[in-house]
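Engineer: What follows is work38.cif; its format and atoms are mmCIF, C-alpha atoms and all ligand atoms.
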```
data_structure
#
loop_
_atom_site.label_atom_id
_atom_site.label_comp_id
_atom_site.auth_asym_id
_atom_site.auth_seq_id
_atom_site.Cartn_x
_atom_site.Cartn_y
_atom_site.Cartn_z
CA MET D 996 70.51 -133.04 -60.47
CA ASN D 997 68.87 -135.70 -62.62
CA ALA D 998 65.33 -137.03 -62.37
CA SER D 999 66.25 -140.29 -60.66
CA THR D 1000 68.17 -138.67 -57.78
CA GLN D 1001 65.31 -136.23 -57.43
CA SER D 1002 62.75 -138.95 -56.94
CA ARG D 1003 64.96 -140.96 -54.59
CA ALA D 1004 66.13 -138.20 -52.28
CA LYS D 1005 63.80 -136.80 -49.65
CA ALA D 1006 62.97 -133.20 -50.37
CA ALA D 1007 64.78 -130.60 -48.26
CA VAL D 1008 61.67 -128.45 -48.07
CA THR D 1009 58.10 -129.33 -48.93
CA ALA D 1010 55.31 -126.75 -48.81
CA ARG D 1011 51.77 -127.79 -49.64
CA GLY D 1012 49.01 -125.24 -49.56
CA VAL D 1013 50.85 -122.96 -47.17
CA GLY D 1014 48.95 -119.83 -46.21
CA ARG D 1015 49.54 -116.95 -43.81
CA SER D 1016 47.29 -114.08 -42.82
CA PHE D 1017 47.91 -111.15 -40.51
CA ASP D 1018 44.86 -109.63 -38.84
CA GLY D 1019 42.56 -111.03 -41.50
CA ARG D 1020 44.78 -109.86 -44.37
CA THR D 1021 46.00 -112.77 -46.46
CA VAL D 1022 49.66 -112.56 -47.46
CA LEU D 1023 50.40 -116.15 -48.43
CA ARG D 1024 47.40 -117.80 -50.06
CA ASP D 1025 48.38 -121.20 -51.37
CA ILE D 1026 52.09 -121.89 -51.65
CA HIS D 1027 53.21 -125.15 -53.22
CA LEU D 1028 56.94 -125.65 -53.43
CA THR D 1029 59.40 -128.52 -53.24
CA ILE D 1030 63.08 -127.81 -52.76
CA GLU D 1031 65.48 -130.66 -53.41
CA PRO D 1032 68.50 -131.40 -51.22
CA GLY D 1033 71.42 -129.35 -52.48
CA GLU D 1034 69.26 -127.23 -54.72
CA PHE D 1035 69.73 -123.47 -55.06
CA LEU D 1036 66.33 -121.82 -55.25
CA ALA D 1037 65.81 -118.10 -55.64
CA ILE D 1038 62.54 -116.52 -54.58
CA VAL D 1039 61.71 -113.18 -56.17
CA GLY D 1040 58.65 -111.00 -55.95
CA LYS D 1041 57.49 -107.46 -55.38
CA SER D 1042 58.14 -105.79 -52.09
CA GLY D 1043 55.55 -106.89 -49.54
CA CYS D 1044 54.44 -109.97 -51.48
CA GLY D 1045 55.36 -112.29 -48.64
CA LYS D 1046 58.90 -113.49 -49.41
CA SER D 1047 60.19 -112.95 -45.89
CA THR D 1048 56.98 -114.34 -44.45
CA LEU D 1049 57.50 -117.56 -46.40
CA LEU D 1050 61.16 -117.77 -45.44
CA ARG D 1051 60.34 -117.25 -41.77
CA ALA D 1052 57.80 -120.06 -41.92
CA ILE D 1053 60.32 -122.38 -43.59
CA GLY D 1054 62.92 -121.41 -41.00
CA GLY D 1055 60.62 -122.19 -38.09
CA LEU D 1056 60.54 -118.56 -36.94
CA ASP D 1057 56.79 -118.27 -37.47
CA ALA D 1058 54.33 -120.97 -36.56
CA GLY D 1059 51.23 -119.01 -37.58
CA TYR D 1060 50.90 -120.46 -41.08
CA THR D 1061 48.29 -122.88 -42.36
CA GLY D 1062 48.85 -125.88 -44.63
CA ASP D 1063 51.72 -128.36 -44.64
CA LEU D 1064 55.33 -127.39 -44.34
CA HIS D 1065 58.13 -129.84 -43.84
CA VAL D 1066 61.87 -129.24 -43.64
CA ASP D 1067 64.31 -132.14 -43.65
CA GLY D 1068 67.35 -131.29 -41.51
CA THR D 1069 68.77 -128.20 -39.86
CA VAL D 1070 68.10 -124.74 -41.22
CA ALA D 1071 70.27 -121.66 -40.85
CA PHE D 1072 69.31 -118.06 -41.54
CA GLY D 1073 71.14 -115.14 -43.12
CA PHE D 1074 69.74 -111.62 -43.16
CA GLN D 1075 70.54 -108.32 -44.80
CA ASP D 1076 72.00 -106.90 -41.63
CA ALA D 1077 74.51 -109.32 -40.19
CA ARG D 1078 73.05 -109.17 -36.66
CA LEU D 1079 76.34 -109.71 -34.89
CA LEU D 1080 76.44 -109.18 -31.15
CA PRO D 1081 78.51 -106.01 -30.57
CA TRP D 1082 79.87 -107.14 -27.23
CA ALA D 1083 81.31 -110.42 -28.49
CA ARG D 1084 84.39 -110.85 -30.68
CA VAL D 1085 83.92 -112.11 -34.22
CA TRP D 1086 84.84 -115.71 -33.42
CA GLU D 1087 82.57 -115.70 -30.37
CA ASN D 1088 79.74 -114.50 -32.56
CA VAL D 1089 80.35 -117.37 -34.95
CA VAL D 1090 79.91 -120.01 -32.23
CA PHE D 1091 77.38 -118.10 -30.17
CA GLY D 1092 74.85 -120.47 -28.64
CA LEU D 1093 76.89 -123.60 -29.31
CA GLY D 1094 78.03 -125.74 -26.42
CA GLY D 1095 81.46 -127.22 -25.78
CA PRO D 1096 84.91 -126.38 -24.42
CA ARG D 1097 86.03 -122.88 -25.37
CA PRO D 1098 89.28 -123.93 -27.12
CA LEU D 1099 87.36 -126.39 -29.30
CA LEU D 1100 84.74 -123.75 -30.13
CA ARG D 1101 87.49 -121.35 -31.09
CA THR D 1102 89.07 -123.92 -33.40
CA GLN D 1103 85.71 -124.52 -35.05
CA ALA D 1104 85.10 -120.80 -35.39
CA LEU D 1105 88.50 -120.27 -37.00
CA GLU D 1106 87.75 -123.01 -39.52
CA ALA D 1107 84.40 -121.47 -40.40
CA LEU D 1108 85.98 -118.01 -40.65
CA ALA D 1109 88.71 -119.36 -42.91
CA ALA D 1110 86.02 -120.72 -45.24
CA VAL D 1111 84.71 -117.17 -45.71
CA ASP D 1112 88.21 -115.68 -45.89
CA LEU D 1113 87.93 -113.92 -42.56
CA ALA D 1114 90.28 -115.85 -40.26
CA GLY D 1115 92.39 -112.71 -39.80
CA HIS D 1116 89.47 -110.97 -38.09
CA ALA D 1117 88.65 -113.69 -35.57
CA ASP D 1118 89.53 -111.53 -32.57
CA ALA D 1119 88.13 -108.28 -33.95
CA TRP D 1120 85.03 -106.55 -32.61
CA PRO D 1121 82.04 -106.54 -34.97
CA ARG D 1122 81.98 -102.72 -35.20
CA THR D 1123 85.42 -102.76 -36.81
CA LEU D 1124 84.22 -104.88 -39.75
CA SER D 1125 83.13 -103.54 -43.12
CA GLY D 1126 79.66 -104.42 -44.37
CA GLY D 1127 80.98 -107.25 -46.49
CA GLU D 1128 83.13 -108.61 -43.66
CA ALA D 1129 80.19 -108.56 -41.27
CA GLN D 1130 78.16 -110.49 -43.82
CA ARG D 1131 80.91 -113.06 -44.16
CA ALA D 1132 81.10 -113.42 -40.38
CA ALA D 1133 77.34 -113.98 -40.34
CA LEU D 1134 77.75 -116.56 -43.07
CA ALA D 1135 80.41 -118.36 -41.02
CA ARG D 1136 77.98 -118.35 -38.08
CA SER D 1137 75.37 -120.02 -40.30
CA LEU D 1138 77.77 -122.56 -41.81
CA ILE D 1139 79.15 -123.78 -38.52
CA ARG D 1140 75.69 -125.16 -37.81
CA GLU D 1141 76.11 -127.40 -40.88
CA PRO D 1142 72.66 -126.64 -42.21
CA ALA D 1143 70.84 -128.82 -44.68
CA VAL D 1144 69.05 -125.68 -45.80
CA LEU D 1145 70.50 -122.18 -45.79
CA LEU D 1146 67.85 -119.47 -45.87
CA LEU D 1147 69.05 -116.10 -47.09
CA ASP D 1148 66.74 -113.08 -46.91
CA GLU D 1149 68.12 -110.38 -49.22
CA PRO D 1150 71.56 -110.87 -47.69
CA PHE D 1151 73.46 -108.73 -50.20
CA GLY D 1152 71.01 -105.86 -50.53
CA ALA D 1153 72.99 -103.39 -48.43
CA LEU D 1154 76.40 -104.16 -49.93
CA ASP D 1155 78.18 -102.11 -52.57
CA ALA D 1156 78.27 -103.61 -56.05
CA LEU D 1157 81.82 -104.94 -55.88
CA THR D 1158 81.36 -106.54 -52.47
CA ARG D 1159 78.11 -108.06 -53.69
CA LEU D 1160 79.93 -109.74 -56.57
CA ARG D 1161 82.46 -111.19 -54.14
CA MET D 1162 79.66 -112.46 -51.91
CA HIS D 1163 77.96 -114.09 -54.91
CA ALA D 1164 81.15 -115.97 -55.70
CA LEU D 1165 81.65 -116.93 -52.06
CA VAL D 1166 78.11 -118.23 -51.53
CA ASN D 1167 78.27 -120.04 -54.85
CA GLY D 1168 81.55 -121.73 -53.86
CA LEU D 1169 80.35 -122.70 -50.38
CA TRP D 1170 77.12 -124.05 -51.78
CA ARG D 1171 79.02 -126.23 -54.28
CA ASN D 1172 81.45 -127.52 -51.64
CA LYS D 1173 79.10 -128.12 -48.75
CA GLY D 1174 76.06 -129.42 -50.57
CA PHE D 1175 73.33 -127.68 -48.57
CA ALA D 1176 70.21 -126.36 -50.22
CA VAL D 1177 69.91 -122.59 -50.48
CA VAL D 1178 66.74 -120.55 -50.53
CA LEU D 1179 67.70 -117.03 -51.53
CA VAL D 1180 65.10 -114.29 -51.28
CA THR D 1181 66.13 -111.39 -53.44
CA HIS D 1182 64.63 -108.45 -55.28
CA ASP D 1183 67.68 -108.47 -57.56
CA VAL D 1184 66.59 -110.28 -60.71
CA GLU D 1185 70.14 -110.66 -62.04
CA GLU D 1186 71.29 -112.13 -58.76
CA ALA D 1187 68.57 -114.77 -59.01
CA VAL D 1188 69.57 -115.75 -62.55
CA LEU D 1189 73.24 -115.66 -61.69
CA LEU D 1190 73.03 -118.04 -58.74
CA ALA D 1191 69.93 -120.20 -58.78
CA ASP D 1192 69.08 -123.64 -60.16
CA ARG D 1193 65.45 -122.56 -60.17
CA VAL D 1194 63.61 -119.32 -59.71
CA ALA D 1195 60.23 -119.06 -58.00
CA VAL D 1196 58.25 -115.88 -58.54
CA LEU D 1197 55.77 -115.05 -55.79
CA ASP D 1198 52.69 -113.06 -56.60
CA ASN D 1199 49.34 -112.69 -54.92
CA GLY D 1200 50.26 -115.24 -52.28
CA ARG D 1201 51.12 -117.98 -54.74
CA VAL D 1202 54.07 -119.27 -56.72
CA ALA D 1203 53.14 -117.51 -59.94
CA ASP D 1204 56.05 -118.86 -61.95
CA LEU D 1205 58.71 -121.48 -61.33
CA PHE D 1206 61.42 -122.38 -63.79
CA ALA D 1207 64.90 -123.84 -64.05
CA VAL D 1208 67.81 -121.63 -65.06
CA ASP D 1209 69.41 -123.99 -67.50
CA LEU D 1210 72.80 -122.34 -67.80
CA PRO D 1211 76.30 -123.60 -67.04
CA ARG D 1212 78.21 -121.90 -64.21
CA PRO D 1213 79.87 -119.50 -63.92
CA ARG D 1214 77.18 -117.60 -65.73
CA ALA D 1215 77.62 -114.65 -68.03
CA ARG D 1216 75.15 -111.81 -68.20
CA ILE D 1217 75.88 -111.46 -71.90
CA ASP D 1218 74.60 -114.99 -72.59
CA GLU D 1219 71.25 -114.66 -74.38
CA ARG D 1220 69.77 -117.41 -72.19
CA PHE D 1221 70.69 -115.31 -69.17
CA GLU D 1222 68.87 -112.37 -70.68
CA ALA D 1223 65.87 -114.57 -71.54
CA ALA D 1224 65.59 -115.74 -67.93
CA ARG D 1225 65.92 -112.17 -66.68
CA GLN D 1226 63.22 -110.95 -69.05
CA ARG D 1227 60.92 -113.78 -67.97
CA ILE D 1228 61.15 -112.74 -64.33
CA LEU D 1229 60.67 -109.07 -65.19
CA ALA D 1230 57.59 -109.99 -67.21
CA ASP D 1231 56.30 -112.04 -64.25
CA LEU D 1232 56.80 -109.01 -62.05
CA GLY D 1233 55.10 -106.75 -64.55
CA VAL D 1234 58.08 -104.45 -64.87
CA LEU D 1235 59.11 -105.16 -68.45
CA GLU D 1236 58.07 -101.72 -69.69
CA LEU D 1237 59.81 -100.00 -66.82
CA ASP D 1238 62.97 -101.97 -67.54
CA ALA D 1239 62.80 -100.97 -71.21
CA VAL D 1240 62.50 -97.33 -70.18
CA VAL D 1241 65.47 -97.62 -67.82
CA SER D 1242 67.74 -99.30 -70.36
CA ALA D 1243 66.73 -96.79 -73.03
CA HIS D 1244 67.68 -94.07 -70.55
CA GLU D 1245 71.01 -95.78 -69.87
CA ARG D 1246 71.74 -95.92 -73.58
CA THR D 1247 71.13 -92.21 -74.04
CA SER D 1248 72.91 -90.99 -70.92
N1 LIG D 1301 54.21 -109.96 -38.08
C1 LIG D 1301 53.46 -109.31 -38.98
N2 LIG D 1301 52.33 -108.68 -38.59
C2 LIG D 1301 51.57 -108.02 -39.48
N3 LIG D 1301 51.83 -107.95 -40.79
C3 LIG D 1301 52.93 -108.56 -41.23
C4 LIG D 1301 53.81 -109.28 -40.36
N4 LIG D 1301 54.83 -109.78 -41.09
C5 LIG D 1301 54.61 -109.41 -42.36
N5 LIG D 1301 53.48 -108.68 -42.45
C6 LIG D 1301 52.92 -108.11 -43.68
O1 LIG D 1301 52.89 -109.12 -44.67
C7 LIG D 1301 53.23 -108.57 -45.92
C8 LIG D 1301 54.40 -109.33 -46.51
O2 LIG D 1301 55.55 -109.03 -45.76
P1 LIG D 1301 56.96 -109.63 -46.12
O3 LIG D 1301 56.86 -111.10 -46.13
O4 LIG D 1301 57.93 -109.02 -45.20
O5 LIG D 1301 57.16 -109.10 -47.61
P2 LIG D 1301 58.47 -109.18 -48.54
O6 LIG D 1301 59.55 -109.86 -47.80
O7 LIG D 1301 58.04 -109.91 -49.77
O8 LIG D 1301 58.79 -107.75 -48.89
C9 LIG D 1301 53.50 -107.10 -45.70
O9 LIG D 1301 52.36 -106.38 -46.06
C10 LIG D 1301 53.78 -107.00 -44.24
O10 LIG D 1301 53.40 -105.77 -43.74
MG MG D 1302 61.35 -109.19 -47.08
#
```
Mind turning this structure into structure tokens?
Structural biologist:
Amino acid sequence: MNASTQSRAKAAVTARGVGRSFDGRTVLRDIHLTIEPGEFLAIVGKSGCGKSTLLRAIGGLDAGYTGDLHVDGTVAFGFQDARLLPWARVWENVVFGLGGPRPLLRTQALEALAAVDLAGHADAWPRTLSGGEAQRAALARSLIREPAVLLLDEPFGALDALTRLRMHALVNGLWRNKGFAVVLVTHDVEEAVLLADRVAVLDNGRVADLFAVDLPRPRARIDERFEAARQRILADLGVLELDAVVSAHERTS
């Protein structure tokens, strides 16, 4: 996205001085963040630093914040566990809560399931799906709502490595085709660098670092710019030494 489209388009998400406390304990102190339409933003930070809290506020699931928060358009949520209703078939889960004639809903569900390569499981029960399939069903359920902003809270954390790679490619493809903005909360530093236009690092209730990942897609981990971005985030998180220890261990084992 170039500077002129950025200034013309209305931001998808604007946070100005957003704060959130629980029982007198401040989690979010002073969050300033603008997310452009169609932008892919990754939010990383230590466990408990307030990533989910921020995402819930953006998604309208928590009204207890202070400061200004504005979202332009519909938001949809994706979580680590797919949260499918066990008593409804996959396609019914996808359109759950939407109104309209059942045959039309089914057609829409099948389209959304096809987009995540899951049309063959439309009539299956959620418990028969693998972890990756359940995640794709959940993604179809989000996409059918045609969100302007897709909020993903560590959606791939519970998946095996291979399935996670497939999900990365799928989300990347859908994001490119559909044009929604994505806010991806992740503790996986590589995932952030692999997918995001920009990375925001949360620390102490603020955006401690925010930078663009200036790399063509698809991205290669072996690219030195990839490694530079990864190291920057690790340094922000204060885990550079730990990482050095781990990679030294990997080299010797
Ligand atoms: N509803 C709540 N009531 C009390 N404390 C909460 C609530 N939600 C989150 N917290 C606290 O806020 C902090 C940040 O939580 P969270 O946003 O889930 O962290 P993260 O997603 O970065 O791991 C944690 O210490 C958590 O216990
Ligand atoms: Mg969280």
Engineer: Please report as a Markdown table every residue of chain D lying within 6 Å of ligand LIG 1301 (chain D), along with the nearest atom pair and their distance in Å (one decimal), using all atoms listed in the file.
Structural biologist:
```
| residue | atom | partner | partner_atom | distance |
| --- | --- | --- | --- | --- |
| D:Phe1017 | CA | D:LIG1301 | C2 | 4.9 |
| D:Val1022 | CA | D:LIG1301 | O1 | 5.5 |
| D:Ser1042 | CA | D:LIG1301 | O8 | 3.8 |
| D:Gly1043 | CA | D:LIG1301 | O5 | 3.3 |
| D:Cys1044 | CA | D:LIG1301 | O7 | 4.0 |
| D:Gly1045 | CA | D:LIG1301 | O3 | 3.2 |
| D:Lys1046 | CA | D:LIG1301 | O7 | 3.7 |
| D:Ser1047 | CA | D:LIG1301 | O6 | 3.7 |
| D:Thr1048 | CA | D:LIG1301 | O3 | 3.7 |
```
Engineer: Using all atoms listed in the file, which residues sit within 7 Å of stretch 1052-1063 of chain D once same-chain residues fewer than 3 positions away are excluded, as a list in words?
Structural biologist: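 Here the qualifying residues turn out to be Ala1010, Arg1011, Gly1012, Val1013, Gly1014, Arg1015, Thr1048, Leu1049 and Val1070 of chain D.
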Engineer: Got time to write the residues from that selection, C-alpha atoms, as a short mmCIF file (atom, residue, chain, number, x, y, z; two decimals), keeping the file's coordinate frame?
Structural biologist:
```
data_model
loop_
_atom_site.label_atom_id
_atom_site.label_comp_id
_atom_site.auth_asym_id
_atom_site.auth_seq_id
_atom_site.Cartn_x
_atom_site.Cartn_y
_atom_site.Cartn_z
CA ALA D 1010 55.31 -126.75 -48.81
CA ARG D 1011 51.77 -127.79 -49.64
CA GLY D 1012 49.01 -125.24 -49.56
CA VAL D 1013 50.85 -122.96 -47.17
CA GLY D 1014 48.95 -119.83 -46.21
CA ARG D 1015 49.54 -116.95 -43.81
CA THR D 1048 56.98 -114.34 -44.45
CA LEU D 1049 57.50 -117.56 -46.40
CA VAL D 1070 68.10 -124.74 -41.22
#
```
Engineer: Could you please determine the separation between atom CA of D:Leu1147 and atom CA of D:Leu1179 in Å, to one decimal place?
Structural biologist: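 If I compute the distance from atom CA of D:Leu1147 to atom CA of D:Leu1179, I get 4.7 Å.
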Engineer: Expressed in Å to a single decimal, how great is the separation between atom CA of D:Arg1078 and atom CA of D:Phe1151?
Structural biologist: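 Interatomic distance here is 13.6 Å.
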Engineer: Mind giving me the straight-line distance from atom CA of D:Arg1020 to atom CA of D:Asp1198 in Å, one decimal?
Structural biologist: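 So the answer is 14.9 Å.
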Engineer: With distances taken over only C-alpha atoms and all ligand atoms, which of D:Arg1051, D:Arg1024, D:Arg1214, D:Arg1084 is nearest to ligand MG 1302 (chain D)?
Structural biologist: D:Arg1051
Engineer: Might you pull out every residue within 6 Å of D:Asp1148, with only C-alpha atoms counted and same-chain residues fewer than 2 positions away left off, and present them as a list in words?
Structural biologist: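 Residues near the query, excluding close chain neighbours: Phe1074, Pro1150 and Val1180 of chain D.
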Engineer: For each of D:Leu1113, D:Arg1161, D:Leu1093, D:Ile1030, take the minimum atom-to-atom distance to D:Ala1191, counting only C-alpha atoms, then give the residue where this is smallest.
Structural biologist: D:Ile1030
Engineer: Which one is closest to D:Val1166: D:Val1066, D:Phe1035, D:Leu1050, D:Glu1219? Count only C-alpha atoms.
Structural biologist: D:Phe1035
Engineer: Each residue of stretch 1138-1167 of chain D lying at most 10 Å from stretch 1086-1089 of chain D should get a row with its shortest atom-to-atom pair and the distance in Å to one decimal, counting all atoms listed in the file; could you produce that, ordered by chain and increasing number, as JSON lines?
Structural biologist:
```
{"residue": "D:Leu1138", "atom": "CA", "partner": "D:Val1089", "partner_atom": "CA", "distance": 9.0}
{"residue": "D:Ile1139", "atom": "CA", "partner": "D:Val1089", "partner_atom": "CA", "distance": 7.4}
{"residue": "D:Arg1140", "atom": "CA", "partner": "D:Val1089", "partner_atom": "CA", "distance": 9.5}
```
Engineer: For ligand MG 1302 (chain D), which residue out of D:Leu1099, D:Leu1197, D:Val1208, D:Val1144 is the nearest one, using all atoms listed in the file?
Structural biologist: D:Leu1197
Engineer: Under the rule that only C-alpha atoms and all ligand atoms are counted, which of D:Leu1100, D:Leu1232, D:Leu1023, D:Val1039 is the nearest residue to ligand MG 1302 (chain D)?
Structural biologist: D:Val1039
Engineer: Kindly list the centre and edge lengths in Å, rounded to one decimal, for the axis-aligned box that covers all listed atoms of stretch 1054-1068 of chain D plus 6 Å on each of its six sides, as AutoDock Vina command-line options.
Structural biologist:
```
--center_x 57.8 --center_y -125.2 --center_z -40.6 --size_x 31.1 --size_y 25.9 --size_z 20.1
```
Engineer: Got a sec: who's within 10 Å of D:Ala1224, counting only C-alpha atoms, leaving out chain neighbours fewer than 5 positions off, as a VMD selection string?
Structural biologist: chain D and resid 1184 to 1185 1187 to 1189 1194 1206 to 1210 1219 1229 to 1230
Engineer: Determine the nearest neighbour of ligand MG 1302 (chain D) from the options D:Ala1007, D:Val1177, D:Ile1038, D:Val1196, counting only C-alpha atoms and all ligand atoms.
Structural biologist: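 Closest residue, counting only C-alpha atoms and all ligand atoms: D:Ile1038.
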Engineer: Can you pull out every residue within 6 Å of D:Glu1149, counting only C-alpha atoms, but drop anything in the same chain fewer than 3 positions away, and send it as a PyMOL selection string?
Structural biologist: chain D and resi 1075+1152+1180-1181
